[in-house]
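S.K.: What follows is the file my_file_0.pdb, containing PDB, C-alpha atoms:
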```
ATOM      1  CA  MET T   1       0.000   0.000   0.000
ATOM      2  CA  SER T   2       1.429   3.379  -0.986
ATOM      3  CA  ASN T   3       1.949   6.096   1.554
ATOM      4  CA  SER T   4      -0.611   8.234  -0.283
ATOM      5  CA  ASN T   5      -3.308   5.719   0.632
ATOM      6  CA  ILE T   6      -2.505   5.748   4.328
ATOM      7  CA  LYS T   7      -4.493   8.322   6.229
ATOM      8  CA  LYS T   8      -2.611  10.272   8.830
ATOM      9  CA  PRO T   9      -3.794   9.811  12.428
ATOM     10  CA  GLY T  10      -6.587  12.267  13.116
ATOM     11  CA  ALA T  11      -7.465  12.837   9.458
ATOM     12  CA  LYS T  12     -11.185  12.389  10.103
ATOM     13  CA  ALA T  13     -11.158  14.882  12.960
ATOM     14  CA  ARG T  14      -9.271  17.445  10.898
ATOM     15  CA  ALA T  15     -11.715  17.026   8.013
ATOM     16  CA  LEU T  16     -14.707  17.577  10.293
ATOM     17  CA  LEU T  17     -13.193  20.730  11.780
ATOM     18  CA  SER T  18     -12.382  21.981   8.295
ATOM     19  CA  ASN T  19     -16.041  21.507   7.381
ATOM     20  CA  ALA T  20     -17.014  23.467  10.473
ATOM     21  CA  ARG T  21     -14.741  26.298   9.407
ATOM     22  CA  THR T  22     -16.149  26.259   5.868
ATOM     23  CA  GLN T  23     -19.712  26.429   7.196
ATOM     24  CA  GLY T  24     -18.872  29.291   9.552
ATOM     25  CA  THR T  25     -19.186  27.373  12.814
ATOM     26  CA  LEU T  26     -15.499  27.812  13.596
ATOM     27  CA  SER T  27     -13.902  31.235  13.466
ATOM     28  CA  LYS T  28     -10.562  31.987  11.891
ATOM     29  CA  ALA T  29      -9.043  32.398  15.371
ATOM     30  CA  SER T  30     -10.263  28.996  16.546
ATOM     31  CA  MET T  31      -9.135  27.238  13.401
ATOM     32  CA  ALA T  32      -5.720  28.866  13.638
ATOM     33  CA  THR T  33      -5.300  27.511  17.164
ATOM     34  CA  LEU T  34      -6.331  24.003  16.129
ATOM     35  CA  ASP T  35      -4.066  24.060  13.070
ATOM     36  CA  VAL T  36      -1.048  25.146  15.087
ATOM     37  CA  LEU T  37      -1.623  22.659  17.902
ATOM     38  CA  ASP T  38      -2.379  19.811  15.446
ATOM     39  CA  LEU T  39      -4.646  17.859  17.781
ATOM     40  CA  GLY T  40      -6.271  15.606  15.197
ATOM     41  CA  ALA T  41      -5.247  12.289  16.736
ATOM     42  CA  GLN T  42      -6.254  13.349  20.252
ATOM     43  CA  ILE T  43      -9.613  14.615  19.032
ATOM     44  CA  GLN T  44     -10.282  11.507  16.987
ATOM     45  CA  ALA T  45      -9.716   9.348  20.078
ATOM     46  CA  GLY T  46     -12.907  10.826  21.510
ATOM     47  CA  LEU T  47     -15.206  10.642  18.472
ATOM     48  CA  GLY T  48     -16.416   7.134  19.264
ATOM     49  CA  VAL T  49     -19.614   5.733  17.799
ATOM     50  CA  GLU T  50     -20.328   6.235  14.104
ATOM     51  CA  VAL T  51     -23.297   8.406  13.142
ATOM     52  CA  ASP T  52     -24.887   5.554  11.184
ATOM     53  CA  ASP T  53     -24.966   3.492  14.373
ATOM     54  CA  VAL T  54     -27.059   6.070  16.241
ATOM     55  CA  PRO T  55     -30.741   5.523  15.346
ATOM     56  CA  ALA T  56     -31.963   8.899  16.568
ATOM     57  CA  ALA T  57     -33.555  11.834  14.762
ATOM     58  CA  GLU T  58     -31.561  14.211  16.944
ATOM     59  CA  VAL T  59     -28.838  13.825  19.548
ATOM     60  CA  VAL T  60     -27.502  15.482  22.675
ATOM     61  CA  LEU T  61     -23.777  15.219  23.401
ATOM     62  CA  VAL T  62     -22.860  15.352  27.093
ATOM     63  CA  SER T  63     -19.115  15.664  27.661
ATOM     64  CA  VAL T  64     -17.233  15.760  30.959
ATOM     65  CA  MET T  65     -13.593  16.413  31.820
ATOM     66  CA  PRO T  66     -13.000  15.260  35.428
ATOM     67  CA  ASP T  67      -9.873  16.551  37.145
ATOM     68  CA  ASP T  68      -7.401  13.709  37.708
ATOM     69  CA  SER T  69      -4.659  15.821  39.274
ATOM     70  CA  GLY T  70      -2.941  14.721  42.463
ATOM     71  CA  SER T  71      -4.528  17.548  44.436
ATOM     72  CA  ILE T  72      -7.929  15.872  44.071
ATOM     73  CA  ARG T  73      -6.591  12.855  45.906
ATOM     74  CA  PHE T  74      -4.633  14.863  48.480
ATOM     75  CA  ALA T  75      -7.794  16.834  49.331
ATOM     76  CA  GLY T  76      -9.722  13.606  49.793
ATOM     77  CA  ASN T  77     -12.104  14.359  46.925
ATOM     78  CA  ALA T  78     -11.502  11.408  44.588
ATOM     79  CA  ASP T  79     -14.631   9.578  45.733
ATOM     80  CA  ALA T  80     -16.727  12.740  45.424
ATOM     81  CA  VAL T  81     -15.651  13.236  41.810
ATOM     82  CA  ARG T  82     -16.274   9.572  40.986
ATOM     83  CA  GLN T  83     -19.706   9.729  42.564
ATOM     84  CA  GLY T  84     -20.480  13.023  40.850
ATOM     85  CA  HIS T  85     -19.697  11.678  37.398
ATOM     86  CA  ASN T  86     -21.765   8.566  38.044
ATOM     87  CA  LEU T  87     -24.607  10.719  39.367
ATOM     88  CA  ILE T  88     -24.696  12.529  36.010
ATOM     89  CA  LEU T  89     -25.050   9.221  34.161
ATOM     90  CA  ASP T  90     -27.725   7.999  36.573
ATOM     91  CA  ALA T  91     -29.697  11.223  36.203
ATOM     92  CA  LEU T  92     -29.546  11.206  32.416
ATOM     93  CA  GLU T  93     -30.801   7.638  32.348
ATOM     94  CA  THR T  94     -34.084   8.882  33.819
ATOM     95  CA  CYS T  95     -34.736  11.057  30.753
ATOM     96  CA  ARG T  96     -37.393  10.018  28.290
ATOM     97  CA  GLN T  97     -34.857  10.929  25.603
ATOM     98  CA  ALA T  98     -32.058   8.811  27.082
ATOM     99  CA  ALA T  99     -31.692   6.916  23.789
ATOM    100  CA  GLU T 100     -30.735  10.188  22.075
ATOM    101  CA  ILE T 101     -27.894  11.012  24.482
ATOM    102  CA  LEU T 102     -24.244  10.278  23.730
ATOM    103  CA  VAL T 103     -21.674  10.770  26.480
ATOM    104  CA  HIS T 104     -17.902  11.220  26.515
ATOM    105  CA  ASN T 105     -15.390  11.329  29.396
ATOM    106  CA  ARG T 106     -11.861  12.656  28.882
ATOM    107  CA  TYR T 107      -9.835  13.154  32.049
ATOM    108  CA  LEU T 108      -8.041  16.443  32.613
ATOM    109  CA  ASN T 109      -4.704  14.870  31.716
ATOM    110  CA  GLY T 110      -5.962  13.489  28.409
ATOM    111  CA  ASP T 111      -6.845   9.865  29.131
ATOM    112  CA  VAL T 112     -10.146   8.900  27.511
ATOM    113  CA  LEU T 113     -12.313   6.817  29.841
ATOM    114  CA  TYR T 114     -14.806   6.409  27.019
ATOM    115  CA  PRO T 115     -15.295   8.170  23.663
ATOM    116  CA  TYR T 116     -18.772   9.202  22.553
ATOM    117  CA  VAL T 117     -21.024   6.231  23.260
ATOM    118  CA  PRO T 118     -24.738   5.735  23.859
ATOM    119  CA  LEU T 119     -25.590   6.510  27.461
ATOM    120  CA  GLU T 120     -26.254   2.862  28.275
ATOM    121  CA  HIS T 121     -22.685   1.949  27.312
ATOM    122  CA  ALA T 122     -20.932   4.586  29.425
ATOM    123  CA  THR T 123     -18.349   3.385  31.939
ATOM    124  CA  ARG T 124     -18.824   4.341  35.576
ATOM    125  CA  MET T 125     -15.826   5.873  37.310
ATOM    126  CA  THR T 126     -14.291   3.556  39.906
ATOM    127  CA  LYS T 127     -11.113   3.287  41.938
ATOM    128  CA  ALA T 128      -9.786   0.986  39.232
ATOM    129  CA  ASN T 129     -10.123   3.495  36.373
ATOM    130  CA  TYR T 130      -9.733   6.809  38.205
ATOM    131  CA  ASP T 131      -6.631   7.437  40.287
ATOM    132  CA  PRO T 132      -6.016  11.203  40.413
ATOM    133  CA  ASN T 133      -2.248  11.590  40.615
ATOM    134  CA  LYS T 134      -1.243  13.839  37.722
ATOM    135  CA  GLY T 135      -1.032  17.531  36.869
ATOM    136  CA  THR T 136      -3.345  20.348  35.768
ATOM    137  CA  PRO T 137      -3.049  21.033  32.006
ATOM    138  CA  LEU T 138      -6.405  22.808  32.043
ATOM    139  CA  TYR T 139      -5.950  24.895  28.886
ATOM    140  CA  ASP T 140      -4.326  22.188  26.769
ATOM    141  CA  GLN T 141      -7.011  19.630  27.456
ATOM    142  CA  THR T 142      -9.929  22.060  27.312
ATOM    143  CA  VAL T 143      -8.908  22.849  23.745
ATOM    144  CA  VAL T 144      -8.846  19.135  22.954
ATOM    145  CA  LEU T 145     -12.221  18.452  24.563
ATOM    146  CA  LEU T 146     -14.032  21.408  22.995
ATOM    147  CA  ALA T 147     -12.571  20.585  19.593
ATOM    148  CA  THR T 148     -13.836  17.026  20.052
ATOM    149  CA  VAL T 149     -17.321  18.329  20.859
ATOM    150  CA  LEU T 150     -17.226  20.523  17.765
ATOM    151  CA  ALA T 151     -15.957  17.729  15.522
ATOM    152  CA  LYS T 152     -18.600  15.277  16.716
ATOM    153  CA  SER T 153     -21.292  17.919  16.333
ATOM    154  CA  GLN T 154     -20.126  18.570  12.803
ATOM    155  CA  GLU T 155     -20.202  14.861  12.004
ATOM    156  CA  PHE T 156     -23.892  14.730  12.896
ATOM    157  CA  ALA T 157     -24.615  18.018  11.112
ATOM    158  CA  ASP T 158     -22.946  16.702   7.956
ATOM    159  CA  ASN T 159     -25.406  13.807   8.099
ATOM    160  CA  GLY T 160     -28.452  15.998   8.642
ATOM    161  CA  VAL T 161     -28.920  15.150  12.331
ATOM    162  CA  PRO T 162     -29.665  18.090  14.683
ATOM    163  CA  VAL T 163     -27.336  18.110  17.683
ATOM    164  CA  ARG T 164     -27.055  20.003  20.962
ATOM    165  CA  THR T 165     -24.206  19.747  23.435
ATOM    166  CA  VAL T 166     -23.556  20.217  27.138
ATOM    167  CA  THR T 167     -19.947  20.172  28.360
ATOM    168  CA  LEU T 168     -18.553  20.257  31.904
ATOM    169  CA  LEU T 169     -14.941  21.060  32.794
ATOM    170  CA  ILE T 170     -13.850  20.173  36.333
ATOM    171  CA  SER T 171     -10.747  21.412  38.139
ATOM    172  CA  ASP T 172      -9.626  22.013  41.706
ATOM    173  CA  GLY T 173      -6.837  24.402  40.745
ATOM    174  CA  ALA T 174      -5.560  26.866  38.188
ATOM    175  CA  ASP T 175      -3.627  25.699  35.147
ATOM    176  CA  VAL T 176      -0.008  24.913  35.955
ATOM    177  CA  HIS T 177       0.931  22.237  33.411
ATOM    178  CA  SER T 178      -0.282  23.308  29.966
ATOM    179  CA  THR T 179       2.561  23.485  27.484
ATOM    180  CA  ARG T 180       0.831  24.491  24.245
ATOM    181  CA  ALA T 181      -2.325  26.464  25.016
ATOM    182  CA  ASN T 182      -3.453  29.275  27.283
ATOM    183  CA  ALA T 183      -6.747  31.012  28.051
ATOM    184  CA  THR T 184      -6.572  33.080  24.857
ATOM    185  CA  HIS T 185      -6.558  29.860  22.831
ATOM    186  CA  VAL T 186      -9.587  28.486  24.662
ATOM    187  CA  ARG T 187     -11.713  31.631  24.481
ATOM    188  CA  PRO T 188     -12.402  31.674  20.700
ATOM    189  CA  LEU T 189     -13.567  28.058  20.814
ATOM    190  CA  VAL T 190     -15.984  28.789  23.648
ATOM    191  CA  GLU T 191     -17.224  31.946  21.944
ATOM    192  CA  ASP T 192     -17.807  30.086  18.665
ATOM    193  CA  MET T 193     -19.831  27.464  20.488
ATOM    194  CA  LEU T 194     -21.936  30.022  22.356
ATOM    195  CA  ARG T 195     -22.605  31.963  19.167
ATOM    196  CA  ALA T 196     -24.141  28.855  17.613
ATOM    197  CA  GLU T 197     -26.684  28.690  20.486
ATOM    198  CA  THR T 198     -26.638  24.887  20.409
ATOM    199  CA  HIS T 199     -23.827  24.443  22.939
ATOM    200  CA  ILE T 200     -23.501  24.928  26.679
ATOM    201  CA  VAL T 201     -19.985  25.103  28.116
ATOM    202  CA  ALA T 202     -19.921  24.876  31.905
ATOM    203  CA  ALA T 203     -17.154  24.634  34.468
ATOM    204  CA  MET T 204     -16.779  23.515  38.063
ATOM    205  CA  GLY T 205     -13.994  24.895  40.228
ATOM    206  CA  ILE T 206     -13.616  22.883  43.428
ATOM    207  CA  ASP T 207     -12.293  25.205  46.125
ATOM    208  CA  ASP T 208      -8.562  24.909  46.791
ATOM    209  CA  GLY T 209      -8.392  27.929  49.055
ATOM    210  CA  THR T 210      -6.506  30.147  46.612
ATOM    211  CA  THR T 211      -7.799  29.967  43.028
ATOM    212  CA  ASN T 212     -10.293  32.543  41.751
ATOM    213  CA  PHE T 213     -12.154  30.102  39.539
ATOM    214  CA  ARG T 214     -14.660  32.628  38.259
ATOM    215  CA  GLN T 215     -11.793  34.681  36.877
ATOM    216  CA  VAL T 216     -10.016  31.621  35.473
ATOM    217  CA  PHE T 217     -13.112  30.443  33.624
ATOM    218  CA  THR T 218     -14.134  33.947  32.530
ATOM    219  CA  ASP T 219     -10.710  34.363  30.941
ATOM    220  CA  MET T 220     -11.450  31.143  29.023
ATOM    221  CA  GLY T 221     -14.685  32.655  27.686
ATOM    222  CA  ILE T 222     -17.057  30.673  29.901
ATOM    223  CA  GLN T 223     -20.017  32.718  31.056
ATOM    224  CA  ASP T 224     -20.232  33.317  34.781
ATOM    225  CA  ARG T 225     -23.734  31.875  34.951
ATOM    226  CA  TRP T 226     -22.289  28.527  33.843
ATOM    227  CA  VAL T 227     -19.633  28.394  36.579
ATOM    228  CA  LEU T 228     -20.035  26.306  39.731
ATOM    229  CA  THR T 229     -17.703  26.901  42.683
ATOM    230  CA  PRO T 230     -18.396  24.265  45.341
ATOM    231  CA  GLY T 231     -16.398  24.060  48.523
ATOM    232  CA  SER T 232     -14.033  21.156  49.067
ATOM    233  CA  SER T 233     -16.461  18.826  50.781
ATOM    234  CA  THR T 234     -18.240  15.745  49.508
ATOM    235  CA  SER T 235     -21.688  17.240  50.062
ATOM    236  CA  GLU T 236     -20.897  20.496  48.253
ATOM    237  CA  ILE T 237     -19.239  18.720  45.332
ATOM    238  CA  ARG T 238     -22.150  16.313  45.044
ATOM    239  CA  LYS T 239     -24.627  19.201  45.047
ATOM    240  CA  ALA T 240     -22.687  20.896  42.229
ATOM    241  CA  PHE T 241     -22.839  17.733  40.127
ATOM    242  CA  GLN T 242     -26.575  17.541  40.815
ATOM    243  CA  VAL T 243     -27.019  21.113  39.581
ATOM    244  CA  PHE T 244     -25.173  20.286  36.366
ATOM    245  CA  SER T 245     -27.211  17.108  35.946
ATOM    246  CA  GLN T 246     -30.450  19.083  36.167
ATOM    247  CA  SER T 247     -29.297  21.419  33.412
ATOM    248  CA  ALA T 248     -28.229  18.507  31.197
ATOM    249  CA  ILE T 249     -31.638  16.888  31.692
ATOM    250  CA  ARG T 250     -33.459  20.106  30.747
ATOM    251  CA  VAL T 251     -31.473  20.320  27.534
ATOM    252  CA  SER T 252     -32.066  16.647  26.730
ATOM    253  CA  GLN T 253     -35.808  16.882  27.233
ATOM    254  CA  ALA T 254     -36.358  20.060  25.224
ATOM    255  CA  ALA T 255     -37.046  20.157  21.497
ATOM    256  CA  ALA T 256     -34.587  23.055  21.318
ATOM    257  CA  PHE T 257     -32.499  24.920  23.871
ATOM    258  CA  PRO T 258     -35.040  26.281  26.357
ATOM    259  CA  HIS T 259     -34.520  29.811  27.631
ATOM    260  CA  SER T 260     -34.162  28.374  31.124
ATOM    261  CA  ALA T 261     -31.214  26.267  29.991
ATOM    262  CA  LEU T 262     -29.515  29.100  28.146
ATOM    263  CA  GLY T 263     -29.962  31.263  31.214
ATOM    264  CA  GLY T 264     -27.500  29.298  33.318
ATOM    265  CA  PHE T 265     -27.567  26.971  36.273
ATOM    266  CA  VAL T 266     -30.643  26.751  38.451
ATOM    267  CA  ASN T 267     -29.323  26.352  41.973
TER
END
```
What does the file become when written as structure tokens?
M.R.:
Amino acid sequence: MSNSNIKKPGAKARALLSNARTQGTLSKASMATLDVLDLGAQIQAGLGVEVDDVPAAEVVLVSVMPDDSGSIRFAGNADAVRQGHNLILDALETCRQAAEILVHNRYLNGDVLYPYVPLEHATRMTKANYDPNKGTPLYDQTVVLLATVLAKSQEFADNGVPVRTVTLLISDGADVHSTRANATHVRPLVEDMLRAETHIVAAMGIDDGTTNFRQVFTDMGIQDRWVLTPGSSTSEIRKAFQVFSQSAIRVSQAAAFPHSALGGFVN
């Protein structure tokens, strides 16, 4: 087989993002960031199930990026994050539209627990598959996750399937380990998604005693009404996950984004 017939890793993801740029979903600034960082292979690792294998007239993509940094473990919050993620899955399963929901979990340090899969096939977080002991590359991996959301959305759009998305970033500290991206790279992606009015980008900053999470996430382009700042206790973290779950359910059950969902979290 000639080299010309071998697709480079991430070719599908790059093609989808190029389509998004052509159709005006992605701005020049966002596309420039993605071209420079060349994240095709990382994005493609999250795309998961093929569109033809999803027998739904419309879909909702729910994406989560749990923090797997060592500070989560040192603060004693590993179980709370595991339980919170699993609570989201449990809550979504109660939706009448559960069959239309695809979910994706990419940890903060880039490991994919599961790519986009039907809700019923999602993997619960356990001690065996979640051991927070790494760093905090918040900007690097937010770019990857949001680009994955955009690519998967474009894949459905290219096939005539309406799609809405709800994304949750989770961190218990400011970025200290990104090597390729910063907040100014994240912001255009978030702004492009918000302009489309079919995406919600939310963030949870678990209190570490020092980080101004509202400022961190605002710098990334995330609207303040979509920021949760629970204290560092199991009950507060669990409540924050419940709040996010309620918003994801509202989006899943609506024929289009309801004004209540676009308005932010209902605490």
S.K.: To verify the selection step, state as a VMD selection string which residues the PyMOL selection byres ((chain T and resi 67) around 12) yields on this input.
M.R.: chain T and resid 64 to 66 68 to 73 77 to 78 80 to 82 84 to 85 105 to 111 130 to 138 141 to 142 168 to 175 203 to 206
S.K.: Keeping only C-alpha atoms, write those residues as a PDB file, keeping the file's coordinate frame.
M.R.:
```
ATOM      1  CA  VAL T  64     -17.233  15.760  30.959  1.00  0.00           C
ATOM      2  CA  MET T  65     -13.593  16.413  31.820  1.00  0.00           C
ATOM      3  CA  PRO T  66     -13.000  15.260  35.428  1.00  0.00           C
ATOM      4  CA  ASP T  68      -7.401  13.709  37.708  1.00  0.00           C
ATOM      5  CA  SER T  69      -4.659  15.821  39.274  1.00  0.00           C
ATOM      6  CA  GLY T  70      -2.941  14.721  42.463  1.00  0.00           C
ATOM      7  CA  SER T  71      -4.528  17.548  44.436  1.00  0.00           C
ATOM      8  CA  ILE T  72      -7.929  15.872  44.071  1.00  0.00           C
ATOM      9  CA  ARG T  73      -6.591  12.855  45.906  1.00  0.00           C
ATOM     10  CA  ASN T  77     -12.104  14.359  46.925  1.00  0.00           C
ATOM     11  CA  ALA T  78     -11.502  11.408  44.588  1.00  0.00           C
ATOM     12  CA  ALA T  80     -16.727  12.740  45.424  1.00  0.00           C
ATOM     13  CA  VAL T  81     -15.651  13.236  41.810  1.00  0.00           C
ATOM     14  CA  ARG T  82     -16.274   9.572  40.986  1.00  0.00           C
ATOM     15  CA  GLY T  84     -20.480  13.023  40.850  1.00  0.00           C
ATOM     16  CA  HIS T  85     -19.697  11.678  37.398  1.00  0.00           C
ATOM     17  CA  ASN T 105     -15.390  11.329  29.396  1.00  0.00           C
ATOM     18  CA  ARG T 106     -11.861  12.656  28.882  1.00  0.00           C
ATOM     19  CA  TYR T 107      -9.835  13.154  32.049  1.00  0.00           C
ATOM     20  CA  LEU T 108      -8.041  16.443  32.613  1.00  0.00           C
ATOM     21  CA  ASN T 109      -4.704  14.870  31.716  1.00  0.00           C
ATOM     22  CA  GLY T 110      -5.962  13.489  28.409  1.00  0.00           C
ATOM     23  CA  ASP T 111      -6.845   9.865  29.131  1.00  0.00           C
ATOM     24  CA  TYR T 130      -9.733   6.809  38.205  1.00  0.00           C
ATOM     25  CA  ASP T 131      -6.631   7.437  40.287  1.00  0.00           C
ATOM     26  CA  PRO T 132      -6.016  11.203  40.413  1.00  0.00           C
ATOM     27  CA  ASN T 133      -2.248  11.590  40.615  1.00  0.00           C
ATOM     28  CA  LYS T 134      -1.243  13.839  37.722  1.00  0.00           C
ATOM     29  CA  GLY T 135      -1.032  17.531  36.869  1.00  0.00           C
ATOM     30  CA  THR T 136      -3.345  20.348  35.768  1.00  0.00           C
ATOM     31  CA  PRO T 137      -3.049  21.033  32.006  1.00  0.00           C
ATOM     32  CA  LEU T 138      -6.405  22.808  32.043  1.00  0.00           C
ATOM     33  CA  GLN T 141      -7.011  19.630  27.456  1.00  0.00           C
ATOM     34  CA  THR T 142      -9.929  22.060  27.312  1.00  0.00           C
ATOM     35  CA  LEU T 168     -18.553  20.257  31.904  1.00  0.00           C
ATOM     36  CA  LEU T 169     -14.941  21.060  32.794  1.00  0.00           C
ATOM     37  CA  ILE T 170     -13.850  20.173  36.333  1.00  0.00           C
ATOM     38  CA  SER T 171     -10.747  21.412  38.139  1.00  0.00           C
ATOM     39  CA  ASP T 172      -9.626  22.013  41.706  1.00  0.00           C
ATOM     40  CA  GLY T 173      -6.837  24.402  40.745  1.00  0.00           C
ATOM     41  CA  ALA T 174      -5.560  26.866  38.188  1.00  0.00           C
ATOM     42  CA  ASP T 175      -3.627  25.699  35.147  1.00  0.00           C
ATOM     43  CA  ALA T 203     -17.154  24.634  34.468  1.00  0.00           C
ATOM     44  CA  MET T 204     -16.779  23.515  38.063  1.00  0.00           C
ATOM     45  CA  GLY T 205     -13.994  24.895  40.228  1.00  0.00           C
ATOM     46  CA  ILE T 206     -13.616  22.883  43.428  1.00  0.00           C
TER      47      ILE T 206
END
```
S.K.: Once 5 Å is added on each side, what centre and edge lengths in Å to one decimal does the axis-aligned box around all listed atoms of range 140-145 of chain T have, as JSON?
M.R.:
```
{"center_x": -8.3, "center_y": 20.7, "center_z": 25.2, "size_x": 17.9, "size_y": 14.4, "size_z": 14.5}
```
S.K.: Would you compute the distance between CA of Lys239 in chain T and CA of Ile88 in chain T? Give it in Å to one decimal.
M.R.: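 CA of Lys239 in chain T sits 11.2 Å away from CA of Ile88 in chain T.
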S.K.: Using the chain letters and numbering of this document, enumerate as a PDB file with C-alpha atoms, in the coordinates of the input the residues selected by the PyMOL selection byres ((chain T and resi 182) around 10).
M.R.:
```
ATOM      1  CA  PRO T 137      -3.049  21.033  32.006  1.00  0.00           C
ATOM      2  CA  LEU T 138      -6.405  22.808  32.043  1.00  0.00           C
ATOM      3  CA  TYR T 139      -5.950  24.895  28.886  1.00  0.00           C
ATOM      4  CA  ASP T 140      -4.326  22.188  26.769  1.00  0.00           C
ATOM      5  CA  THR T 142      -9.929  22.060  27.312  1.00  0.00           C
ATOM      6  CA  VAL T 143      -8.908  22.849  23.745  1.00  0.00           C
ATOM      7  CA  ASP T 175      -3.627  25.699  35.147  1.00  0.00           C
ATOM      8  CA  SER T 178      -0.282  23.308  29.966  1.00  0.00           C
ATOM      9  CA  THR T 179       2.561  23.485  27.484  1.00  0.00           C
ATOM     10  CA  ARG T 180       0.831  24.491  24.245  1.00  0.00           C
ATOM     11  CA  ALA T 181      -2.325  26.464  25.016  1.00  0.00           C
ATOM     12  CA  ALA T 183      -6.747  31.012  28.051  1.00  0.00           C
ATOM     13  CA  THR T 184      -6.572  33.080  24.857  1.00  0.00           C
ATOM     14  CA  HIS T 185      -6.558  29.860  22.831  1.00  0.00           C
ATOM     15  CA  VAL T 186      -9.587  28.486  24.662  1.00  0.00           C
ATOM     16  CA  ARG T 187     -11.713  31.631  24.481  1.00  0.00           C
ATOM     17  CA  ASP T 219     -10.710  34.363  30.941  1.00  0.00           C
ATOM     18  CA  MET T 220     -11.450  31.143  29.023  1.00  0.00           C
TER      19      MET T 220
END
```
S.K.: I'd like the interatomic distance between CA of Ala151 in chain T and CA of Thr229 in chain T, to a tenth of an Å.
M.R.: 28.7 Å
S.K.: Quick one: residues within 12 Å of Arg21 in chain T, all atoms listed in the file counted, chain neighbours fewer than 4 positions away excluded, as a PyMOL selection string?
M.R.: chain T and resi 14-17+25-32+34-35+147+150-151+154+189+192
